[in-house]
$ cat start-v2.cif   # mmCIF, C-alpha atoms
data_model
loop_
_atom_site.group_PDB
_atom_site.id
_atom_site.type_symbol
_atom_site.label_atom_id
_atom_site.label_comp_id
_atom_site.auth_asym_id
_atom_site.auth_seq_id
_atom_site.Cartn_x
_atom_site.Cartn_y
_atom_site.Cartn_z
ATOM 1 C CA MET P 1 122.073 -12.845 60.555
ATOM 2 C CA THR P 2 123.983 -11.022 57.854
ATOM 3 C CA ALA P 3 122.626 -7.829 56.324
ATOM 4 C CA ALA P 4 121.490 -9.727 53.235
ATOM 5 C CA GLU P 5 119.359 -12.229 55.121
ATOM 6 C CA PRO P 6 115.788 -11.061 55.681
ATOM 7 C CA SER P 7 114.389 -11.105 59.188
ATOM 8 C CA THR P 8 110.784 -10.628 58.088
ATOM 9 C CA THR P 9 108.320 -12.352 55.824
ATOM 10 C CA VAL P 10 105.773 -9.754 54.731
ATOM 11 C CA VAL P 11 102.448 -11.517 54.248
ATOM 12 C CA VAL P 12 99.939 -9.749 52.012
ATOM 13 C CA VAL P 13 96.443 -11.213 51.936
ATOM 14 C CA THR P 14 94.408 -10.436 48.850
ATOM 15 C CA TRP P 15 90.953 -11.216 47.540
ATOM 16 C CA ARG P 16 89.897 -9.622 44.280
ATOM 17 C CA GLY P 17 92.649 -7.095 44.815
ATOM 18 C CA ALA P 18 93.411 -6.254 41.181
ATOM 19 C CA ALA P 19 92.568 -2.580 41.736
ATOM 20 C CA HIS P 20 95.205 -2.011 44.427
ATOM 21 C CA ILE P 21 97.589 -4.978 44.801
ATOM 22 C CA THR P 22 100.129 -3.463 42.387
ATOM 23 C CA ASP P 23 100.524 -0.325 44.537
ATOM 24 C CA CYS P 24 101.114 -2.516 47.583
ATOM 25 C CA LEU P 25 103.759 -4.618 45.833
ATOM 26 C CA ASP P 26 105.457 -1.531 44.402
ATOM 27 C CA ALA P 27 105.724 -0.103 47.923
ATOM 28 C CA LEU P 28 107.166 -3.350 49.253
ATOM 29 C CA ALA P 29 109.732 -3.444 46.450
ATOM 30 C CA ALA P 30 110.893 0.011 47.571
ATOM 31 C CA GLN P 31 111.542 -1.020 51.185
ATOM 32 C CA SER P 32 114.979 -0.155 52.544
ATOM 33 C CA ARG P 33 115.176 -3.398 54.538
ATOM 34 C CA PRO P 34 115.459 -6.817 52.828
ATOM 35 C CA HIS P 35 112.490 -9.085 53.334
ATOM 36 C CA ARG P 36 110.572 -12.008 51.898
ATOM 37 C CA THR P 37 107.173 -11.240 50.345
ATOM 38 C CA LEU P 38 104.448 -13.878 50.484
ATOM 39 C CA VAL P 39 101.078 -13.074 48.924
ATOM 40 C CA VAL P 40 98.160 -15.245 49.971
ATOM 41 C CA ASP P 41 95.529 -15.132 47.242
ATOM 42 C CA ASN P 42 92.094 -16.035 48.573
ATOM 43 C CA ALA P 43 90.897 -17.592 45.299
ATOM 44 C CA SER P 44 90.604 -14.243 43.502
ATOM 45 C CA ASP P 45 88.745 -14.335 40.203
ATOM 46 C CA ASP P 46 89.329 -10.783 38.961
ATOM 47 C CA GLY P 47 92.757 -11.042 37.343
ATOM 48 C CA THR P 48 94.737 -10.690 40.569
ATOM 49 C CA ALA P 49 96.681 -13.879 39.838
ATOM 50 C CA ALA P 50 97.928 -12.512 36.517
ATOM 51 C CA LEU P 51 99.049 -9.255 38.142
ATOM 52 C CA LEU P 52 100.980 -11.167 40.793
ATOM 53 C CA ALA P 53 102.690 -13.316 38.192
ATOM 54 C CA ALA P 54 103.661 -10.278 36.106
ATOM 55 C CA HIS P 55 104.915 -8.044 38.910
ATOM 56 C CA PRO P 56 108.676 -7.393 38.614
ATOM 57 C CA SER P 57 109.272 -8.122 42.319
ATOM 58 C CA LYS P 58 108.216 -11.757 41.717
ATOM 59 C CA PRO P 59 106.488 -12.291 45.069
ATOM 60 C CA GLU P 60 105.915 -15.788 46.332
ATOM 61 C CA VAL P 61 102.228 -16.664 46.004
ATOM 62 C CA LEU P 62 100.159 -19.069 48.042
ATOM 63 C CA ARG P 63 96.879 -19.464 46.180
ATOM 64 C CA LEU P 64 94.061 -20.919 48.256
ATOM 65 C CA ARG P 65 91.205 -22.924 46.785
ATOM 66 C CA ARG P 66 88.555 -20.809 48.490
ATOM 67 C CA ASN P 67 88.222 -17.474 50.221
ATOM 68 C CA THR P 68 89.232 -18.087 53.841
ATOM 69 C CA GLY P 69 89.174 -14.416 54.822
ATOM 70 C CA TYR P 70 92.020 -12.425 56.300
ATOM 71 C CA ALA P 71 92.284 -14.636 59.382
ATOM 72 C CA GLY P 72 92.259 -17.898 57.460
ATOM 73 C CA ALA P 73 94.847 -16.650 54.996
ATOM 74 C CA MET P 74 97.171 -15.427 57.759
ATOM 75 C CA ALA P 75 96.870 -18.768 59.514
ATOM 76 C CA ALA P 76 97.769 -20.567 56.288
ATOM 77 C CA ALA P 77 100.730 -18.242 55.744
ATOM 78 C CA LEU P 78 102.105 -18.812 59.243
ATOM 79 C CA ASP P 79 102.851 -22.422 58.297
ATOM 80 C CA LYS P 80 105.031 -21.148 55.424
ATOM 81 C CA VAL P 81 107.014 -18.535 57.360
ATOM 82 C CA ASP P 82 110.641 -19.429 58.115
ATOM 83 C CA THR P 83 111.893 -16.003 59.253
ATOM 84 C CA PRO P 84 111.967 -14.754 62.866
ATOM 85 C CA LEU P 85 109.394 -12.031 62.102
ATOM 86 C CA MET P 86 106.138 -11.960 60.177
ATOM 87 C CA ALA P 87 104.451 -8.804 58.897
ATOM 88 C CA TRP P 88 100.705 -8.556 58.409
ATOM 89 C CA LEU P 89 99.869 -6.182 55.557
ATOM 90 C CA ASN P 90 96.571 -5.450 53.837
ATOM 91 C CA ASP P 91 96.620 -5.537 50.056
ATOM 92 C CA ASP P 92 95.194 -1.988 49.983
ATOM 93 C CA ALA P 93 98.062 -0.652 52.105
ATOM 94 C CA ALA P 94 101.161 1.061 50.736
ATOM 95 C CA PRO P 95 104.000 1.427 53.263
ATOM 96 C CA THR P 96 106.665 4.104 53.014
ATOM 97 C CA PRO P 97 110.211 2.863 52.244
ATOM 98 C CA GLU P 98 111.294 2.899 55.914
ATOM 99 C CA TRP P 99 108.160 1.155 57.234
ATOM 100 C CA LEU P 100 109.675 -2.277 57.716
ATOM 101 C CA ALA P 101 113.011 -0.976 59.001
ATOM 102 C CA ASN P 102 111.266 1.170 61.604
ATOM 103 C CA CYS P 103 109.071 -1.732 62.737
ATOM 104 C CA GLU P 104 111.994 -4.146 62.994
ATOM 105 C CA ASP P 105 114.121 -1.613 64.877
ATOM 106 C CA THR P 106 111.275 -0.827 67.275
ATOM 107 C CA LEU P 107 110.919 -4.521 68.128
ATOM 108 C CA ALA P 108 114.676 -4.867 68.562
ATOM 109 C CA LYS P 109 114.629 -2.052 71.149
ATOM 110 C CA ALA P 110 111.737 -3.650 73.068
ATOM 111 C CA PRO P 111 112.816 -7.207 73.955
ATOM 112 C CA LEU P 112 109.554 -7.953 75.772
ATOM 113 C CA ALA P 113 107.443 -6.911 72.789
ATOM 114 C CA ALA P 114 106.061 -9.543 70.435
ATOM 115 C CA ALA P 115 104.230 -7.193 68.079
ATOM 116 C CA VAL P 116 104.548 -3.682 66.729
ATOM 117 C CA SER P 117 101.738 -1.709 65.142
ATOM 118 C CA ALA P 118 102.404 0.792 62.359
ATOM 119 C CA ARG P 119 100.596 4.088 61.747
ATOM 120 C CA LEU P 120 97.879 3.694 59.127
ATOM 121 C CA THR P 121 96.841 6.902 57.388
ATOM 122 C CA LEU P 122 93.922 7.300 55.011
ATOM 123 C CA ALA P 123 94.288 8.956 51.625
ATOM 124 C CA ASP P 124 92.931 12.264 52.975
ATOM 125 C CA GLY P 125 95.644 12.377 55.640
ATOM 126 C CA THR P 126 93.445 11.210 58.523
ATOM 127 C CA VAL P 127 95.223 8.840 60.886
ATOM 128 C CA GLN P 128 93.190 5.643 61.058
ATOM 129 C CA SER P 129 95.233 3.732 63.601
ATOM 130 C CA THR P 130 98.478 3.709 65.548
ATOM 131 C CA GLY P 131 97.407 0.618 67.463
ATOM 132 C CA VAL P 132 94.382 -0.801 69.241
ATOM 133 C CA ARG P 133 92.890 -0.007 72.649
ATOM 134 C CA LEU P 134 90.563 -2.190 74.681
ATOM 135 C CA THR P 135 87.258 -0.491 75.522
ATOM 136 C CA ALA P 136 85.319 -0.974 78.742
ATOM 137 C CA ASP P 137 82.920 -3.357 76.983
ATOM 138 C CA GLY P 138 85.618 -5.374 75.262
ATOM 139 C CA HIS P 139 85.765 -3.776 71.841
ATOM 140 C CA GLY P 140 89.086 -3.460 70.070
ATOM 141 C CA ALA P 141 89.112 0.164 68.918
ATOM 142 C CA ASP P 142 91.662 1.966 66.756
ATOM 143 C CA LEU P 143 93.867 4.541 68.467
ATOM 144 C CA PRO P 144 94.369 7.554 66.177
ATOM 145 C CA GLU P 145 97.047 9.080 68.424
ATOM 146 C CA PRO P 146 100.393 7.403 69.207
ATOM 147 C CA THR P 147 100.863 6.302 72.805
ATOM 148 C CA GLY P 148 104.023 4.165 72.677
ATOM 149 C CA GLU P 149 102.788 0.962 74.269
ATOM 150 C CA VAL P 150 99.326 -0.070 73.078
ATOM 151 C CA PHE P 151 97.016 -2.913 74.047
ATOM 152 C CA GLY P 152 97.007 -4.416 70.579
ATOM 153 C CA PHE P 153 98.149 -3.996 67.011
ATOM 154 C CA CYS P 154 96.115 -3.147 63.945
ATOM 155 C CA GLY P 155 96.295 -6.099 61.573
ATOM 156 C CA GLY P 156 96.350 -3.832 58.535
ATOM 157 C CA ALA P 157 100.082 -3.227 59.030
ATOM 158 C CA ALA P 158 102.022 -4.854 61.852
ATOM 159 C CA VAL P 159 105.119 -6.962 62.503
ATOM 160 C CA LEU P 160 105.064 -9.923 64.894
ATOM 161 C CA ASN P 161 107.572 -12.250 66.508
ATOM 162 C CA VAL P 162 106.861 -15.611 64.877
ATOM 163 C CA GLU P 163 107.968 -17.771 67.803
ATOM 164 C CA ALA P 164 105.758 -15.798 70.195
ATOM 165 C CA LEU P 165 102.814 -15.955 67.795
ATOM 166 C CA ARG P 166 103.076 -19.707 67.425
ATOM 167 C CA SER P 167 103.501 -20.197 71.169
ATOM 168 C CA VAL P 168 100.110 -18.578 71.893
ATOM 169 C CA GLY P 169 98.232 -20.631 69.319
ATOM 170 C CA GLY P 170 98.748 -18.708 66.098
ATOM 171 C CA VAL P 171 95.961 -16.920 64.228
ATOM 172 C CA PRO P 172 92.254 -17.698 64.869
ATOM 173 C CA ALA P 173 91.540 -18.881 61.323
ATOM 174 C CA SER P 174 87.828 -19.452 61.915
ATOM 175 C CA TYR P 175 87.237 -15.720 62.517
ATOM 176 C CA PHE P 176 87.366 -15.152 58.740
ATOM 177 C CA CYS P 177 88.001 -11.430 59.241
ATOM 178 C CA TYR P 178 87.910 -8.793 62.000
ATOM 179 C CA TYR P 179 89.178 -9.214 65.564
ATOM 180 C CA GLU P 180 91.863 -11.717 64.578
ATOM 181 C CA ASP P 181 94.357 -8.975 65.498
ATOM 182 C CA THR P 182 92.730 -8.051 68.839
ATOM 183 C CA ASP P 183 92.356 -11.706 69.817
ATOM 184 C CA THR P 184 95.995 -12.394 68.924
ATOM 185 C CA ALA P 185 97.239 -9.360 70.832
ATOM 186 C CA TRP P 186 95.158 -10.341 73.852
ATOM 187 C CA ARG P 187 96.666 -13.842 73.900
ATOM 188 C CA LEU P 188 100.158 -12.384 73.573
ATOM 189 C CA ARG P 189 99.529 -10.130 76.565
ATOM 190 C CA LEU P 190 98.136 -13.022 78.605
ATOM 191 C CA ALA P 191 101.378 -14.870 77.834
ATOM 192 C CA GLY P 192 103.384 -11.943 79.202
ATOM 193 C CA TRP P 193 104.368 -10.207 75.960
ATOM 194 C CA ASP P 194 104.097 -6.486 75.220
ATOM 195 C CA VAL P 195 102.712 -4.748 72.142
ATOM 196 C CA VAL P 196 104.127 -1.409 70.969
ATOM 197 C CA SER P 197 103.563 1.124 68.217
ATOM 198 C CA ALA P 198 106.151 2.453 65.783
ATOM 199 C CA ASP P 199 106.715 5.590 63.771
ATOM 200 C CA ALA P 200 106.205 3.601 60.584
ATOM 201 C CA GLU P 201 103.877 5.146 58.024
ATOM 202 C CA VAL P 202 101.421 3.236 55.822
ATOM 203 C CA THR P 203 98.771 4.688 53.519
ATOM 204 C CA HIS P 204 95.608 2.632 53.700
ATOM 205 C CA GLN P 205 92.544 2.421 51.447
ATOM 206 C CA HIS P 206 90.337 1.314 54.323
ATOM 207 C CA GLY P 207 87.629 -1.166 53.330
ATOM 208 C CA ALA P 208 88.759 -1.762 49.755
ATOM 209 C CA SER P 209 88.025 -5.490 50.019
ATOM 210 C CA THR P 210 85.140 -5.366 52.516
ATOM 211 C CA GLN P 211 82.310 -2.956 53.213
ATOM 212 C CA PRO P 212 82.610 -1.469 56.712
ATOM 213 C CA GLY P 213 79.140 -0.755 58.045
ATOM 214 C CA SER P 214 77.478 -3.465 55.962
ATOM 215 C CA VAL P 215 75.381 -6.278 57.420
ATOM 216 C CA GLN P 216 78.174 -8.788 56.785
ATOM 217 C CA PHE P 217 80.693 -6.495 58.461
ATOM 218 C CA HIS P 218 78.585 -6.323 61.611
ATOM 219 C CA LEU P 219 78.001 -10.080 61.609
ATOM 220 C CA TRP P 220 81.726 -10.753 61.586
ATOM 221 C CA ASN P 221 82.578 -7.884 63.906
ATOM 222 C CA GLU P 222 80.014 -8.595 66.644
ATOM 223 C CA ARG P 223 80.439 -12.372 66.479
ATOM 224 C CA ASN P 224 84.211 -12.183 66.735
ATOM 225 C CA ARG P 225 84.141 -9.628 69.558
ATOM 226 C CA LEU P 226 81.984 -11.971 71.639
ATOM 227 C CA LEU P 227 84.142 -14.985 70.737
ATOM 228 C CA THR P 228 87.278 -13.054 71.724
ATOM 229 C CA LEU P 229 85.742 -12.193 75.092
ATOM 230 C CA LEU P 230 84.795 -15.821 75.657
ATOM 231 C CA ARG P 231 88.326 -16.915 74.769
ATOM 232 C CA CYS P 232 90.367 -14.237 76.515
ATOM 233 C CA ALA P 233 88.440 -12.075 79.009
ATOM 234 C CA PRO P 234 87.812 -12.778 82.697
ATOM 235 C CA ARG P 235 84.764 -15.036 83.072
ATOM 236 C CA PRO P 236 82.509 -12.375 84.701
ATOM 237 C CA VAL P 237 83.308 -9.928 81.902
ATOM 238 C CA ALA P 238 82.559 -12.443 79.160
ATOM 239 C CA ILE P 239 79.276 -13.491 80.780
ATOM 240 C CA ARG P 240 78.223 -9.887 81.407
ATOM 241 C CA GLN P 241 78.839 -8.844 77.817
ATOM 242 C CA MET P 242 77.043 -11.907 76.438
ATOM 243 C CA VAL P 243 74.015 -11.220 78.642
ATOM 244 C CA LYS P 244 74.082 -7.529 77.726
ATOM 245 C CA PHE P 245 74.175 -8.331 74.002
ATOM 246 C CA ALA P 246 71.325 -10.858 74.335
ATOM 247 C CA ALA P 247 69.206 -8.552 76.519
ATOM 248 C CA LEU P 248 69.526 -5.640 74.117
ATOM 249 C CA THR P 249 68.626 -7.958 71.272
ATOM 250 C CA ALA P 250 65.496 -9.093 73.137
ATOM 251 C CA VAL P 251 64.174 -5.539 73.627
ATOM 252 C CA LEU P 252 64.893 -4.322 70.101
ATOM 253 C CA PRO P 253 61.345 -5.046 68.851
ATOM 254 C CA LEU P 254 60.080 -2.561 71.463
ATOM 255 C CA ARG P 255 62.343 0.244 70.252
ATOM 256 C CA GLY P 256 61.052 0.702 66.733
ATOM 257 C CA LYS P 257 62.782 0.085 63.428
ATOM 258 C CA PRO P 258 66.577 0.492 63.771
ATOM 259 C CA THR P 259 68.654 2.431 61.267
ATOM 260 C CA ALA P 260 72.056 0.837 61.938
ATOM 261 C CA PRO P 261 72.654 -2.751 60.743
ATOM 262 C CA ASN P 262 74.189 -3.781 64.065
ATOM 263 C CA PHE P 263 70.881 -3.020 65.797
ATOM 264 C CA ARG P 264 68.738 -5.049 63.444
ATOM 265 C CA LEU P 265 67.069 -7.941 65.196
ATOM 266 C CA SER P 266 67.875 -10.388 62.398
ATOM 267 C CA VAL P 267 71.572 -9.511 62.441
ATOM 268 C CA ARG P 268 71.921 -9.805 66.189
ATOM 269 C CA CYS P 269 70.015 -13.093 66.271
ATOM 270 C CA ARG P 270 72.376 -14.460 63.636
ATOM 271 C CA VAL P 271 75.327 -13.342 65.776
ATOM 272 C CA LEU P 272 73.929 -15.064 68.851
ATOM 273 C CA GLY P 273 73.229 -18.198 66.850
ATOM 274 C CA ALA P 274 76.772 -18.278 65.487
ATOM 275 C CA VAL P 275 78.289 -17.788 68.943
ATOM 276 C CA ALA P 276 76.047 -20.490 70.436
ATOM 277 C CA ALA P 277 77.044 -22.941 67.715
ATOM 278 C CA ARG P 278 80.722 -22.303 68.435
ATOM 279 C CA LEU P 279 80.409 -22.268 72.223
ATOM 280 C CA PRO P 280 81.714 -25.791 72.990
ATOM 281 C CA ARG P 281 84.744 -25.286 70.757
ATOM 282 C CA THR P 282 85.322 -21.778 72.127
ATOM 283 C CA LEU P 283 85.284 -22.960 75.736
ATOM 284 C CA PHE P 284 87.777 -25.676 74.818
ATOM 285 C CA GLU P 285 89.985 -22.984 73.263
ATOM 286 C CA ARG P 286 89.591 -20.840 76.383
ATOM 287 C CA ARG P 287 91.017 -23.642 78.521
ATOM 288 C CA ALA P 288 93.913 -24.090 76.108
ATOM 289 C CA ILE P 289 94.655 -20.362 76.246
ATOM 290 C CA GLY P 290 94.497 -20.480 80.030
ATOM 291 C CA ARG P 291 97.195 -23.152 80.122
ATOM 292 C CA ARG P 292 99.539 -20.828 78.224
ATOM 293 C CA THR P 293 98.994 -17.687 80.284
ATOM 294 C CA ALA P 294 101.675 -16.057 82.389
ATOM 295 C CA LEU P 295 99.370 -13.285 83.605
ATOM 296 C CA GLY P 296 95.878 -13.550 85.041
ATOM 297 C CA ARG P 297 92.974 -12.615 82.797
ATOM 298 C CA GLY P 298 91.830 -10.137 85.426
ATOM 299 C CA ALA P 299 95.233 -8.464 85.584
ATOM 300 C CA VAL P 300 95.304 -7.855 81.821
ATOM 301 C CA TRP P 301 91.703 -6.624 81.818
ATOM 302 C CA ASP P 302 92.257 -4.259 84.761
ATOM 303 C CA ALA P 303 95.418 -2.875 83.183
ATOM 304 C CA TRP P 304 93.935 -2.120 79.762
ATOM 305 C CA ALA P 305 90.127 -2.087 79.632
ATOM 306 C CA GLY P 306 88.642 1.353 79.227
ATOM 307 C CA LEU P 307 91.952 3.191 78.902
#
$ encode --input "start-v2.cif" --output "structure tokens"
Amino acid sequence: MTAAEPSTTVVVVTWRGAAHITDCLDALAAQSRPHRTLVVDNASDDGTAALLAAHPSKPEVLRLRRNTGYAGAMAAALDKVDTPLMAWLNDDAAPTPEWLANCEDTLAKAPLAAAVSARLTLADGTVQSTGVRLTADGHGADLPEPTGEVFGFCGGAAVLNVEALRSVGGVPASYFCYYEDTDTAWRLRLAGWDVVSADAEVTHQHGASTQPGSVQFHLWNERNRLLTLLRCAPRPVAIRQMVKFAALTAVLPLRGKPTAPNFRLSVRCRVLGAVAARLPRTLFERRAIGRRTALGRGAVWDAWAGL
């Protein structure tokens, strides 16, 4: 490629993002590395469409008929990407001018890596994430300290190899939001790819479009964690975590009224119901993932879980 040809399509997913989408687009316009910008508008009804049309950078816009969430929008965008790399960027994130260049260069220096995670920093200077670790019970948890190679990338700001992403099945659109990044990273690792972190700074207004800690947040988060385990983890791990979640749910009425939404009986029953309804499809997907693996599920789990 010549210097003028972009290697990356930066995909920005927005839903009712009028309050912050302009800052994101301004930051992308200031990038030192050429790129294509594709904004996926999840049927916003707050004036976002007008802001996109008026922005001087003239981003390409894919407007969806309904809100498909972050995962659904990224899956829709993947069909439109014709560059070797694809960046995932939240609409409430503002990258520094060298963000994309640093991510691209980091991938170029790591030929076995299919994804690079940036450093997301909150407005108060707190580092939110430099990547994702895999906990002993299968949660994808943000790493606030850089470690070089990480288990997974944070979907708020990352750059992925498009060919590798497509080869492992793309983005799990049905997740709506949360864990689409951990699930994708897990499938990349099963296929033999690495994931790394980069010294690429992004300021993030965490939760501008969703409400972390809300009932809906926990429904998506817990459901998608269990689905990811069923799709990607070793069978004994997936079964153990499902049984553990169900057993804790069963004894909740004996423990008094919970304060956290994720320990409310109604929420956890809804999670179990949603997972049960998706079980046949999820097991089918598990077999498809297994056919694409280069590494054993146990090997990936033993290498990364709990570190």
$ residues_around --input "start-v2.cif" --residues "region 263-266 of chain P" --least-positions-apart "6" --cutoff "8 Å" --atoms "only C-alpha atoms" --output "list in words"
Thr249, Leu252, Pro253 and Lys257 of chain P
$ resolve_selection --input "start-v2.cif" --expression "the PyMOL selection byres ((chain P and resi 179) around 7)" --output "number ranges by chain"
P: 177-178, 180-183, 221, 224-225
$ residues_around --input "start-v2.cif" --residues "region 74-85 of chain P" --least-positions-apart "3" --cutoff "9 Å" --atoms "all atoms listed in the file" --output "list in words"
Pro6, Ser7, Thr8, Thr9, Val10, Val11, Val12, Val13, Arg36, Leu38, Val39, Val40, Leu62, Leu64, Gly69, Tyr70, Ala71, Trp88, Glu104, Val159, Leu160, Asn161, Val162, Glu163, Arg166, Gly170, Val171, Pro172 and Ala173 of chain P
$ closest_residue --input "start-v2.cif" --among "P:Thr37, P:Thr228, P:Gln241, P:Thr126" --to "Trp186 (chain P)" --atoms "all atoms listed in the file"
P:Thr228
$ resolve_selection --input "start-v2.cif" --expression "the PyMOL selection byres ((chain P and resi 120-125) around 8)" --output "PyMOL selection string"
chain P and resi 118-119+126-130+156-157+201-206
$ axis_aligned_box --input "start-v2.cif" --around "region 255-269 of chain P" --padding-each-side "3 Å" --output "lines of an AutoDock Vina configuration file"
center_x = 67.6
center_y = -5.3
center_z = 65.5
size_x = 19.1
size_y = 21.5
size_z = 15.5
$ atom_distance --input "start-v2.cif" --atom1 "CA of Val243 (chain P)" --atom2 "CA of Leu226 (chain P)"
10.6 Å
$ build_atoms --input "start-v2.cif" --residues "region 276-294 of chain P" --atoms "N, CA and C atoms" --output "compact mmCIF listing (two decimals), keeping the file's coordinate frame"
# COMPACT_ATOMS: atom_id res chain seq x y z
N ALA P 276 76.55 -19.29 69.75
CA ALA P 276 76.05 -20.49 70.44
C ALA P 276 76.56 -21.76 69.76
N ALA P 277 76.57 -21.76 68.44
CA ALA P 277 77.04 -22.94 67.72
C ALA P 277 78.52 -23.21 67.97
N ARG P 278 79.28 -22.16 68.21
CA ARG P 278 80.72 -22.30 68.44
C ARG P 278 81.09 -22.42 69.91
N LEU P 279 80.10 -22.36 70.80
CA LEU P 279 80.41 -22.27 72.22
C LEU P 279 81.24 -23.44 72.75
N PRO P 280 80.88 -24.70 72.46
CA PRO P 280 81.71 -25.79 72.99
C PRO P 280 83.17 -25.69 72.54
N ARG P 281 83.37 -25.42 71.27
CA ARG P 281 84.74 -25.29 70.76
C ARG P 281 85.44 -24.09 71.40
N THR P 282 84.72 -22.98 71.56
CA THR P 282 85.32 -21.78 72.13
C THR P 282 85.74 -21.99 73.58
N LEU P 283 84.92 -22.69 74.35
CA LEU P 283 85.28 -22.96 75.74
C LEU P 283 86.49 -23.89 75.82
N PHE P 284 86.59 -24.82 74.90
CA PHE P 284 87.78 -25.68 74.82
C PHE P 284 89.01 -24.83 74.53
N GLU P 285 88.88 -23.88 73.59
CA GLU P 285 89.98 -22.98 73.26
C GLU P 285 90.34 -22.09 74.45
N ARG P 286 89.34 -21.67 75.20
CA ARG P 286 89.59 -20.84 76.38
C ARG P 286 90.49 -21.58 77.38
N ARG P 287 90.19 -22.85 77.60
CA ARG P 287 91.02 -23.64 78.52
C ARG P 287 92.44 -23.79 78.00
N ALA P 288 92.57 -23.98 76.69
CA ALA P 288 93.91 -24.09 76.11
C ALA P 288 94.68 -22.79 76.26
N ILE P 289 94.01 -21.67 76.05
CA ILE P 289 94.66 -20.36 76.25
C ILE P 289 95.06 -20.19 77.70
N GLY P 290 94.20 -20.61 78.61
CA GLY P 290 94.50 -20.48 80.03
C GLY P 290 95.74 -21.24 80.44
N ARG P 291 96.00 -22.37 79.79
CA ARG P 291 97.20 -23.15 80.12
C ARG P 291 98.47 -22.46 79.67
N ARG P 292 98.35 -21.51 78.74
CA ARG P 292 99.54 -20.83 78.22
C ARG P 292 99.76 -19.45 78.85
N THR P 293 98.91 -19.04 79.75
CA THR P 293 98.99 -17.69 80.28
C THR P 293 100.09 -17.56 81.34
N ALA P 294 100.72 -16.40 81.34
CA ALA P 294 101.68 -16.06 82.39
C ALA P 294 101.08 -15.02 83.32
